[in-house]
>>> print(open('upload_39.cif').read())   # mmCIF, N, CA and C atoms
data_structure
#
loop_
_atom_site.label_atom_id
_atom_site.label_comp_id
_atom_site.auth_asym_id
_atom_site.auth_seq_id
_atom_site.Cartn_x
_atom_site.Cartn_y
_atom_site.Cartn_z
N MET A 16 25.55 -32.52 -8.81
CA MET A 16 26.29 -31.46 -8.17
C MET A 16 26.97 -30.55 -9.20
N PRO A 17 27.62 -31.09 -10.27
CA PRO A 17 28.25 -30.19 -11.24
C PRO A 17 27.25 -29.25 -11.92
N MET A 18 26.03 -29.74 -12.19
CA MET A 18 25.04 -28.88 -12.82
C MET A 18 24.64 -27.74 -11.90
N TYR A 19 24.63 -28.00 -10.61
CA TYR A 19 24.29 -26.97 -9.64
C TYR A 19 25.33 -25.84 -9.65
N MET A 20 26.57 -26.21 -9.91
CA MET A 20 27.63 -25.21 -9.89
C MET A 20 27.58 -24.28 -11.09
N VAL A 21 27.04 -24.72 -12.21
CA VAL A 21 27.04 -23.89 -13.41
C VAL A 21 25.66 -23.32 -13.74
N THR A 22 24.65 -23.72 -13.00
CA THR A 22 23.30 -23.24 -13.26
C THR A 22 23.19 -21.78 -12.88
N ASP A 23 22.65 -20.98 -13.78
CA ASP A 23 22.45 -19.56 -13.53
C ASP A 23 20.96 -19.30 -13.61
N THR A 24 20.42 -18.66 -12.60
CA THR A 24 18.97 -18.40 -12.59
C THR A 24 18.61 -17.23 -13.48
N GLY A 25 19.54 -16.44 -13.90
CA GLY A 25 19.28 -15.30 -14.76
C GLY A 25 18.85 -14.07 -13.99
N GLU A 26 18.76 -14.14 -12.68
CA GLU A 26 18.32 -13.01 -11.87
C GLU A 26 19.38 -11.92 -11.78
N LYS A 27 20.62 -12.29 -11.80
CA LYS A 27 21.69 -11.30 -11.72
C LYS A 27 22.84 -11.74 -12.60
N MET A 28 23.72 -10.84 -12.88
CA MET A 28 24.89 -11.18 -13.69
C MET A 28 25.88 -11.98 -12.86
N GLN A 29 26.56 -12.89 -13.49
CA GLN A 29 27.57 -13.70 -12.82
C GLN A 29 28.75 -12.82 -12.42
N ASN A 30 29.23 -13.00 -11.21
CA ASN A 30 30.39 -12.28 -10.71
C ASN A 30 31.62 -12.83 -11.43
N VAL A 31 32.38 -11.99 -12.10
CA VAL A 31 33.54 -12.46 -12.85
C VAL A 31 34.69 -12.90 -11.94
N TYR A 32 34.68 -12.48 -10.69
CA TYR A 32 35.75 -12.85 -9.76
C TYR A 32 35.43 -14.13 -9.00
N THR A 33 34.19 -14.58 -9.07
CA THR A 33 33.76 -15.76 -8.31
C THR A 33 33.09 -16.75 -9.25
N PRO A 34 33.79 -17.78 -9.66
CA PRO A 34 33.19 -18.77 -10.56
C PRO A 34 32.21 -19.70 -9.86
N LEU A 35 32.21 -19.74 -8.53
CA LEU A 35 31.32 -20.61 -7.77
C LEU A 35 30.17 -19.81 -7.18
N SER A 36 29.04 -20.47 -6.99
CA SER A 36 27.93 -19.81 -6.31
C SER A 36 28.27 -19.70 -4.82
N LEU A 37 27.52 -18.88 -4.11
CA LEU A 37 27.82 -18.64 -2.70
C LEU A 37 27.77 -19.94 -1.89
N THR A 38 26.76 -20.76 -2.10
CA THR A 38 26.62 -22.00 -1.33
C THR A 38 27.79 -22.94 -1.59
N VAL A 39 28.12 -23.14 -2.84
CA VAL A 39 29.24 -24.03 -3.17
C VAL A 39 30.55 -23.47 -2.64
N HIS A 40 30.73 -22.16 -2.69
CA HIS A 40 31.94 -21.52 -2.19
C HIS A 40 32.06 -21.71 -0.68
N ILE A 41 30.96 -21.56 0.04
CA ILE A 41 30.99 -21.75 1.50
C ILE A 41 31.29 -23.21 1.83
N ILE A 42 30.68 -24.14 1.11
CA ILE A 42 30.96 -25.57 1.35
C ILE A 42 32.44 -25.86 1.09
N PHE A 43 32.98 -25.31 0.00
CA PHE A 43 34.40 -25.49 -0.32
C PHE A 43 35.27 -24.94 0.80
N CYS A 44 34.95 -23.76 1.29
CA CYS A 44 35.75 -23.14 2.36
C CYS A 44 35.66 -23.94 3.66
N VAL A 45 34.49 -24.47 3.96
CA VAL A 45 34.33 -25.28 5.19
C VAL A 45 35.15 -26.57 5.08
N ILE A 46 35.10 -27.22 3.93
CA ILE A 46 35.88 -28.45 3.74
C ILE A 46 37.38 -28.15 3.81
N ALA A 47 37.81 -27.08 3.15
CA ALA A 47 39.23 -26.71 3.19
C ALA A 47 39.68 -26.36 4.60
N THR A 48 38.82 -25.65 5.34
CA THR A 48 39.16 -25.30 6.72
C THR A 48 39.31 -26.55 7.58
N ALA A 49 38.36 -27.47 7.45
CA ALA A 49 38.44 -28.72 8.23
C ALA A 49 39.70 -29.51 7.87
N LEU A 50 40.01 -29.57 6.59
CA LEU A 50 41.20 -30.30 6.15
C LEU A 50 42.48 -29.68 6.69
N TYR A 51 42.62 -28.38 6.53
CA TYR A 51 43.86 -27.72 6.97
C TYR A 51 43.99 -27.65 8.49
N LEU A 52 42.88 -27.54 9.20
CA LEU A 52 42.95 -27.59 10.67
C LEU A 52 43.38 -28.98 11.13
N THR A 53 42.90 -30.02 10.46
CA THR A 53 43.32 -31.38 10.79
C THR A 53 44.81 -31.57 10.51
N LEU A 54 45.26 -31.09 9.37
CA LEU A 54 46.69 -31.20 9.05
C LEU A 54 47.55 -30.43 10.04
N TYR A 55 47.08 -29.25 10.43
CA TYR A 55 47.83 -28.47 11.42
C TYR A 55 47.88 -29.21 12.75
N TYR A 56 46.76 -29.77 13.16
CA TYR A 56 46.71 -30.50 14.43
C TYR A 56 47.63 -31.72 14.40
N ARG A 57 47.65 -32.44 13.27
CA ARG A 57 48.45 -33.66 13.18
C ARG A 57 49.93 -33.41 12.98
N ARG A 58 50.27 -32.37 12.20
CA ARG A 58 51.68 -32.16 11.85
C ARG A 58 52.30 -30.94 12.52
N GLY A 59 51.48 -29.98 12.91
CA GLY A 59 51.96 -28.85 13.69
C GLY A 59 52.70 -27.77 12.92
N SER A 60 52.53 -27.68 11.62
CA SER A 60 53.23 -26.66 10.86
C SER A 60 52.29 -25.49 10.56
N VAL A 61 52.80 -24.30 10.70
CA VAL A 61 52.02 -23.07 10.53
C VAL A 61 51.58 -22.89 9.08
N HIS A 62 52.30 -23.45 8.13
CA HIS A 62 51.94 -23.22 6.73
C HIS A 62 50.55 -23.75 6.39
N TYR A 63 50.07 -24.75 7.12
CA TYR A 63 48.70 -25.23 6.89
C TYR A 63 47.67 -24.16 7.27
N LEU A 64 47.90 -23.47 8.37
CA LEU A 64 46.98 -22.40 8.77
C LEU A 64 47.00 -21.24 7.78
N LEU A 65 48.18 -20.92 7.28
CA LEU A 65 48.29 -19.83 6.32
C LEU A 65 47.55 -20.17 5.02
N LEU A 66 47.67 -21.40 4.56
CA LEU A 66 46.93 -21.81 3.37
C LEU A 66 45.43 -21.80 3.62
N MET A 67 45.02 -22.19 4.82
CA MET A 67 43.61 -22.14 5.16
C MET A 67 43.08 -20.71 5.11
N PHE A 68 43.82 -19.78 5.67
CA PHE A 68 43.40 -18.37 5.64
C PHE A 68 43.36 -17.84 4.21
N ALA A 69 44.31 -18.27 3.38
CA ALA A 69 44.32 -17.82 1.98
C ALA A 69 43.08 -18.32 1.24
N ILE A 70 42.70 -19.54 1.48
CA ILE A 70 41.50 -20.08 0.84
C ILE A 70 40.25 -19.39 1.37
N ASP A 71 40.17 -19.24 2.68
CA ASP A 71 38.97 -18.63 3.27
C ASP A 71 38.83 -17.15 2.92
N ALA A 72 39.92 -16.50 2.63
CA ALA A 72 39.85 -15.07 2.27
C ALA A 72 39.15 -14.85 0.93
N THR A 73 39.09 -15.89 0.11
CA THR A 73 38.45 -15.72 -1.20
C THR A 73 36.95 -15.50 -1.09
N ILE A 74 36.36 -15.74 0.06
CA ILE A 74 34.93 -15.52 0.25
C ILE A 74 34.59 -14.03 0.09
N ILE A 75 35.60 -13.19 0.23
CA ILE A 75 35.40 -11.74 0.06
C ILE A 75 34.85 -11.44 -1.34
N THR A 76 35.24 -12.22 -2.32
CA THR A 76 34.79 -11.96 -3.69
C THR A 76 33.29 -12.16 -3.86
N GLN A 77 32.66 -12.82 -2.94
CA GLN A 77 31.21 -13.01 -3.02
C GLN A 77 30.46 -11.72 -2.68
N TYR A 78 31.07 -10.86 -1.88
CA TYR A 78 30.37 -9.67 -1.40
C TYR A 78 30.94 -8.36 -1.94
N TRP A 79 32.24 -8.27 -2.07
CA TRP A 79 32.87 -7.03 -2.53
C TRP A 79 33.64 -7.29 -3.81
N THR A 80 33.28 -6.59 -4.87
CA THR A 80 33.94 -6.81 -6.15
C THR A 80 34.56 -5.52 -6.70
N THR A 81 34.79 -4.57 -5.83
CA THR A 81 35.43 -3.35 -6.29
C THR A 81 36.89 -3.63 -6.60
N THR A 82 37.46 -2.78 -7.40
CA THR A 82 38.86 -2.95 -7.78
C THR A 82 39.76 -2.90 -6.55
N LEU A 83 39.47 -2.02 -5.61
CA LEU A 83 40.28 -1.92 -4.40
C LEU A 83 40.22 -3.21 -3.59
N SER A 84 39.03 -3.76 -3.39
CA SER A 84 38.92 -4.99 -2.58
C SER A 84 39.60 -6.18 -3.26
N ILE A 85 39.46 -6.27 -4.58
CA ILE A 85 40.10 -7.37 -5.31
C ILE A 85 41.62 -7.21 -5.28
N THR A 86 42.11 -5.98 -5.39
CA THR A 86 43.55 -5.72 -5.33
C THR A 86 44.09 -6.07 -3.95
N LEU A 87 43.39 -5.65 -2.90
CA LEU A 87 43.83 -5.97 -1.54
C LEU A 87 43.79 -7.48 -1.29
N LEU A 88 42.78 -8.13 -1.83
CA LEU A 88 42.70 -9.59 -1.70
C LEU A 88 43.88 -10.24 -2.42
N GLY A 89 44.19 -9.77 -3.61
CA GLY A 89 45.33 -10.32 -4.36
C GLY A 89 46.64 -10.14 -3.62
N ILE A 90 46.83 -8.95 -3.04
CA ILE A 90 48.06 -8.69 -2.27
C ILE A 90 48.12 -9.60 -1.04
N SER A 91 46.98 -9.72 -0.34
CA SER A 91 46.98 -10.58 0.86
C SER A 91 47.20 -12.05 0.49
N GLU A 92 46.66 -12.48 -0.66
CA GLU A 92 46.88 -13.86 -1.11
C GLU A 92 48.36 -14.09 -1.40
N ILE A 93 48.99 -13.14 -2.07
CA ILE A 93 50.43 -13.27 -2.37
C ILE A 93 51.24 -13.34 -1.08
N VAL A 94 50.90 -12.49 -0.11
CA VAL A 94 51.61 -12.49 1.16
C VAL A 94 51.39 -13.81 1.91
N LEU A 95 50.13 -14.26 1.97
CA LEU A 95 49.84 -15.50 2.69
C LEU A 95 50.50 -16.71 2.04
N VAL A 96 50.41 -16.83 0.74
CA VAL A 96 51.02 -17.98 0.06
C VAL A 96 52.55 -17.91 0.14
N GLY A 97 53.11 -16.71 -0.01
CA GLY A 97 54.56 -16.56 0.13
C GLY A 97 55.05 -16.93 1.52
N THR A 98 54.31 -16.49 2.52
CA THR A 98 54.67 -16.83 3.91
C THR A 98 54.50 -18.33 4.14
N ALA A 99 53.46 -18.91 3.56
CA ALA A 99 53.25 -20.36 3.70
C ALA A 99 54.42 -21.13 3.07
N ILE A 100 54.89 -20.67 1.92
CA ILE A 100 56.04 -21.32 1.28
C ILE A 100 57.28 -21.22 2.17
N PHE A 101 57.49 -20.04 2.76
CA PHE A 101 58.63 -19.86 3.67
C PHE A 101 58.56 -20.85 4.84
N PHE A 102 57.38 -20.94 5.47
CA PHE A 102 57.24 -21.84 6.62
C PHE A 102 57.29 -23.31 6.20
N TYR A 103 56.84 -23.61 4.98
CA TYR A 103 56.94 -24.98 4.50
C TYR A 103 58.40 -25.38 4.32
N VAL A 104 59.20 -24.52 3.74
CA VAL A 104 60.63 -24.82 3.56
C VAL A 104 61.29 -25.01 4.92
N LYS A 105 60.95 -24.15 5.85
CA LYS A 105 61.50 -24.25 7.20
C LYS A 105 61.08 -25.58 7.85
N TYR A 106 59.81 -25.93 7.68
CA TYR A 106 59.26 -27.17 8.24
C TYR A 106 59.93 -28.39 7.61
N SER A 107 60.11 -28.38 6.28
CA SER A 107 60.72 -29.53 5.62
C SER A 107 62.18 -29.70 6.02
N ARG A 108 62.89 -28.60 6.20
CA ARG A 108 64.28 -28.70 6.67
C ARG A 108 64.34 -29.28 8.08
N LYS A 109 63.39 -28.89 8.92
CA LYS A 109 63.33 -29.41 10.28
C LYS A 109 63.06 -30.91 10.24
N LEU A 110 62.14 -31.34 9.38
CA LEU A 110 61.85 -32.77 9.26
C LEU A 110 63.06 -33.55 8.76
N LYS A 111 63.78 -33.00 7.79
CA LYS A 111 64.98 -33.66 7.27
C LYS A 111 66.03 -33.80 8.37
N ALA A 112 66.20 -32.75 9.17
CA ALA A 112 67.18 -32.81 10.26
C ALA A 112 66.77 -33.85 11.30
N GLU A 113 65.49 -33.89 11.63
CA GLU A 113 65.02 -34.89 12.60
C GLU A 113 65.20 -36.30 12.07
N ASN A 114 64.88 -36.51 10.81
CA ASN A 114 65.04 -37.84 10.22
C ASN A 114 66.51 -38.24 10.15
N ALA A 115 67.37 -37.29 9.83
CA ALA A 115 68.81 -37.58 9.79
C ALA A 115 69.32 -37.93 11.19
N ALA A 116 68.84 -37.22 12.20
CA ALA A 116 69.25 -37.51 13.57
C ALA A 116 68.77 -38.89 14.01
N LYS A 117 67.53 -39.24 13.64
CA LYS A 117 67.01 -40.57 13.99
C LYS A 117 67.80 -41.66 13.28
N GLU A 118 68.13 -41.41 12.02
CA GLU A 118 68.89 -42.38 11.25
C GLU A 118 70.29 -42.57 11.84
N ALA A 119 70.92 -41.46 12.22
CA ALA A 119 72.25 -41.54 12.82
C ALA A 119 72.20 -42.27 14.16
N ALA A 120 71.17 -42.00 14.96
CA ALA A 120 71.03 -42.67 16.25
C ALA A 120 70.80 -44.17 16.06
N ALA A 121 69.98 -44.53 15.07
CA ALA A 121 69.74 -45.95 14.80
C ALA A 121 71.01 -46.64 14.31
N LYS A 122 71.77 -45.95 13.47
CA LYS A 122 73.02 -46.53 12.96
C LYS A 122 74.02 -46.70 14.10
N GLU A 123 74.10 -45.70 14.96
CA GLU A 123 75.02 -45.79 16.11
C GLU A 123 74.60 -46.92 17.04
N ALA A 124 73.32 -47.07 17.29
CA ALA A 124 72.85 -48.16 18.16
C ALA A 124 73.14 -49.51 17.53
N GLU A 125 72.99 -49.60 16.22
CA GLU A 125 73.30 -50.85 15.52
C GLU A 125 74.79 -51.18 15.61
N GLU A 126 75.64 -50.16 15.46
CA GLU A 126 77.09 -50.38 15.57
C GLU A 126 77.47 -50.78 16.98
N ARG A 127 76.85 -50.15 17.99
CA ARG A 127 77.13 -50.54 19.38
C ARG A 127 76.70 -51.98 19.64
N ALA A 128 75.53 -52.37 19.08
CA ALA A 128 75.05 -53.73 19.26
C ALA A 128 76.00 -54.73 18.60
N ARG A 129 76.49 -54.38 17.40
CA ARG A 129 77.44 -55.25 16.71
C ARG A 129 78.75 -55.36 17.50
N ALA A 130 79.22 -54.23 18.04
CA ALA A 130 80.46 -54.23 18.82
C ALA A 130 80.29 -55.06 20.09
N ALA A 131 79.13 -54.93 20.74
CA ALA A 131 78.89 -55.71 21.96
C ALA A 131 78.79 -57.19 21.63
N GLU A 132 78.16 -57.52 20.51
CA GLU A 132 78.06 -58.92 20.09
C GLU A 132 79.43 -59.49 19.76
N LYS A 133 80.27 -58.71 19.10
CA LYS A 133 81.62 -59.15 18.75
C LYS A 133 82.45 -59.34 20.02
N ALA A 134 82.31 -58.41 20.97
CA ALA A 134 83.05 -58.54 22.23
C ALA A 134 82.59 -59.80 22.98
N GLU A 135 81.31 -60.07 22.98
CA GLU A 135 80.79 -61.27 23.65
C GLU A 135 81.29 -62.53 22.95
N SER A 136 81.31 -62.47 21.62
CA SER A 136 81.81 -63.61 20.85
C SER A 136 83.29 -63.85 21.13
N ASP A 137 84.07 -62.76 21.18
CA ASP A 137 85.50 -62.89 21.48
C ASP A 137 85.72 -63.45 22.89
N LYS A 138 84.90 -63.01 23.83
CA LYS A 138 85.01 -63.49 25.21
C LYS A 138 84.69 -64.98 25.28
N ASP A 139 83.63 -65.38 24.58
CA ASP A 139 83.27 -66.80 24.55
C ASP A 139 84.36 -67.63 23.88
N GLN A 140 84.94 -67.08 22.83
CA GLN A 140 86.02 -67.79 22.11
C GLN A 140 87.23 -67.96 23.01
N LYS A 141 87.56 -66.93 23.80
CA LYS A 141 88.70 -67.04 24.72
C LYS A 141 88.42 -68.09 25.79
N LEU A 142 87.18 -68.18 26.26
CA LEU A 142 86.83 -69.20 27.25
C LEU A 142 87.03 -70.60 26.67
N VAL A 143 86.59 -70.77 25.45
CA VAL A 143 86.73 -72.09 24.81
C VAL A 143 88.20 -72.40 24.57
N ASP A 144 88.95 -71.41 24.10
CA ASP A 144 90.38 -71.63 23.85
C ASP A 144 91.11 -71.93 25.15
N ASN A 145 90.79 -71.24 26.23
CA ASN A 145 91.46 -71.45 27.52
C ASN A 145 91.04 -72.77 28.16
N ALA A 146 89.88 -73.26 27.85
CA ALA A 146 89.42 -74.52 28.43
C ALA A 146 90.25 -75.71 27.96
N PHE A 147 90.77 -75.61 26.76
CA PHE A 147 91.50 -76.72 26.21
C PHE A 147 93.02 -76.50 26.20
N ASP A 148 93.51 -75.53 26.99
CA ASP A 148 94.95 -75.33 27.11
C ASP A 148 95.56 -76.47 27.91
N ASP A 149 96.71 -76.93 27.50
CA ASP A 149 97.40 -78.03 28.18
C ASP A 149 98.54 -77.50 29.03
N ASP A 150 98.30 -76.45 29.73
CA ASP A 150 99.33 -75.85 30.58
C ASP A 150 99.22 -76.43 31.98
N PHE A 151 99.95 -77.50 32.25
CA PHE A 151 99.94 -78.09 33.60
C PHE A 151 101.16 -77.78 34.32
#
>>> encode(input="upload_39.cif", output="structure tokens")
Amino acid sequence: MPMYMVTDTGEKMQNVYTPLSLTVHIIFCVIATALYLTLYYRRGSVHYLLLMFAIDATIITQYWTTTLSITLLGISEIVLVGTAIFFYVKYSRKLKAENAAKEAAAKEAEERARAAEKAESDKDQKLVDNAFDDDF
């Protein structure tokens, strides 16, 4: 497979903007799309879709290599990756807040269980103490 990626038939000049051949580039984009769609489906964060679009947009370099198209691609990549970073930070803060809430709820439930156990123990102790009172 690595030899296939660097083999040049000599029929045309290598595109300086695309280090991969068209077939390898399409396979890469399909694998990246499947991966990021799966991550989006499982975790639900928009930043996965934005990264997928940023990767898939590079296929433009296979067909259009003008300065204008490469410049527009570069600008769109910067916008997509920047937006993905923004949504990732937002997503990670949301996860931290959810985890903190779960931790607080678990701690509160544990404290309630301990308090209920202590109250039950105190009640049982009072029963035992009252059973042996010599108050006739």
>>> atom_distance(input="upload_39.cif", atom1="atom CA of A:Ser84", atom2="atom CA of A:Tyr63")
24.4 Å
>>> closest_residue(input="upload_39.cif", among="A:Thr81, A:Asn114, A:Thr98, A:Ser107", to="A:Leu65", atoms="only N, CA and C atoms")
A:Thr98
>>> atom_distance(input="upload_39.cif", atom1="atom CA of A:Asp139", atom2="atom C of A:Lys122")
24.5 Å
>>> atom_distance(input="upload_39.cif", atom1="atom CA of A:Phe43", atom2="atom CA of A:Ile93")
20.3 Å
>>> select_by_dssp(input="upload_39.cif", residues="stretch 17-151 of chain A", states="helix (DSSP H, G or I)", output="VMD selection string")
chain A and resid 17 to 21 37 to 58 61 to 77 82 to 146
>>> closest_residue(input="upload_39.cif", among="A:Ala121, A:Ile74, A:Ala115, A:Val31", to="A:Cys44", atoms="all atoms listed in the file")
A:Ile74
>>> closest_atom_pairs(input="upload_39.cif", of="stretch 96-127 of chain A", to="stretch 52-62 of chain A", cutoff="6 Å", atoms="only N, CA and C atoms", output="Markdown table")
| residue | atom | partner | partner_atom | distance |
| --- | --- | --- | --- | --- |
| A:Ala99 | CA | A:His62 | CA | 4.4 |
| A:Phe102 | C | A:His62 | N | 5.4 |
| A:Tyr103 | N | A:His62 | CA | 5.2 |
>>> write_last_selection(input="upload_39.cif", atoms="N, CA and C atoms", output="CSV table (one decimal), in the frame of the given file")
chain,number,residue,atom,x,y,z
A,99,ALA,N,53.5,-18.9,3.6
A,99,ALA,CA,53.2,-20.4,3.7
A,99,ALA,C,54.4,-21.1,3.1
A,102,PHE,N,57.4,-20.9,5.5
A,102,PHE,CA,57.2,-21.8,6.6
A,102,PHE,C,57.3,-23.3,6.2
A,103,TYR,N,56.8,-23.6,5.0
A,103,TYR,CA,56.9,-25.0,4.5
A,103,TYR,C,58.4,-25.4,4.3
>>> residues_around(input="upload_39.cif", residues="A:Met67", least_positions_apart="6", cutoff="7 Å", atoms="only N, CA and C atoms", output="list in words")
Ala47, Thr48, Tyr51 and Leu52 of chain A
>>> write_last_selection(input="upload_39.cif", atoms="N, CA and C atoms", output="tab-separated table (two decimals), keeping the file's coordinate frame")
chain	number	residue	atom	x	y	z
A	47	ALA	N	37.81	-27.08	3.15
A	47	ALA	CA	39.23	-26.71	3.19
A	47	ALA	C	39.68	-26.36	4.60
A	48	THR	N	38.82	-25.65	5.34
A	48	THR	CA	39.16	-25.30	6.72
A	48	THR	C	39.31	-26.55	7.58
A	51	TYR	N	42.62	-28.38	6.53
A	51	TYR	CA	43.86	-27.72	6.97
A	51	TYR	C	43.99	-27.65	8.49
A	52	LEU	N	42.88	-27.54	9.20
A	52	LEU	CA	42.95	-27.59	10.67
A	52	LEU	C	43.38	-28.98	11.13
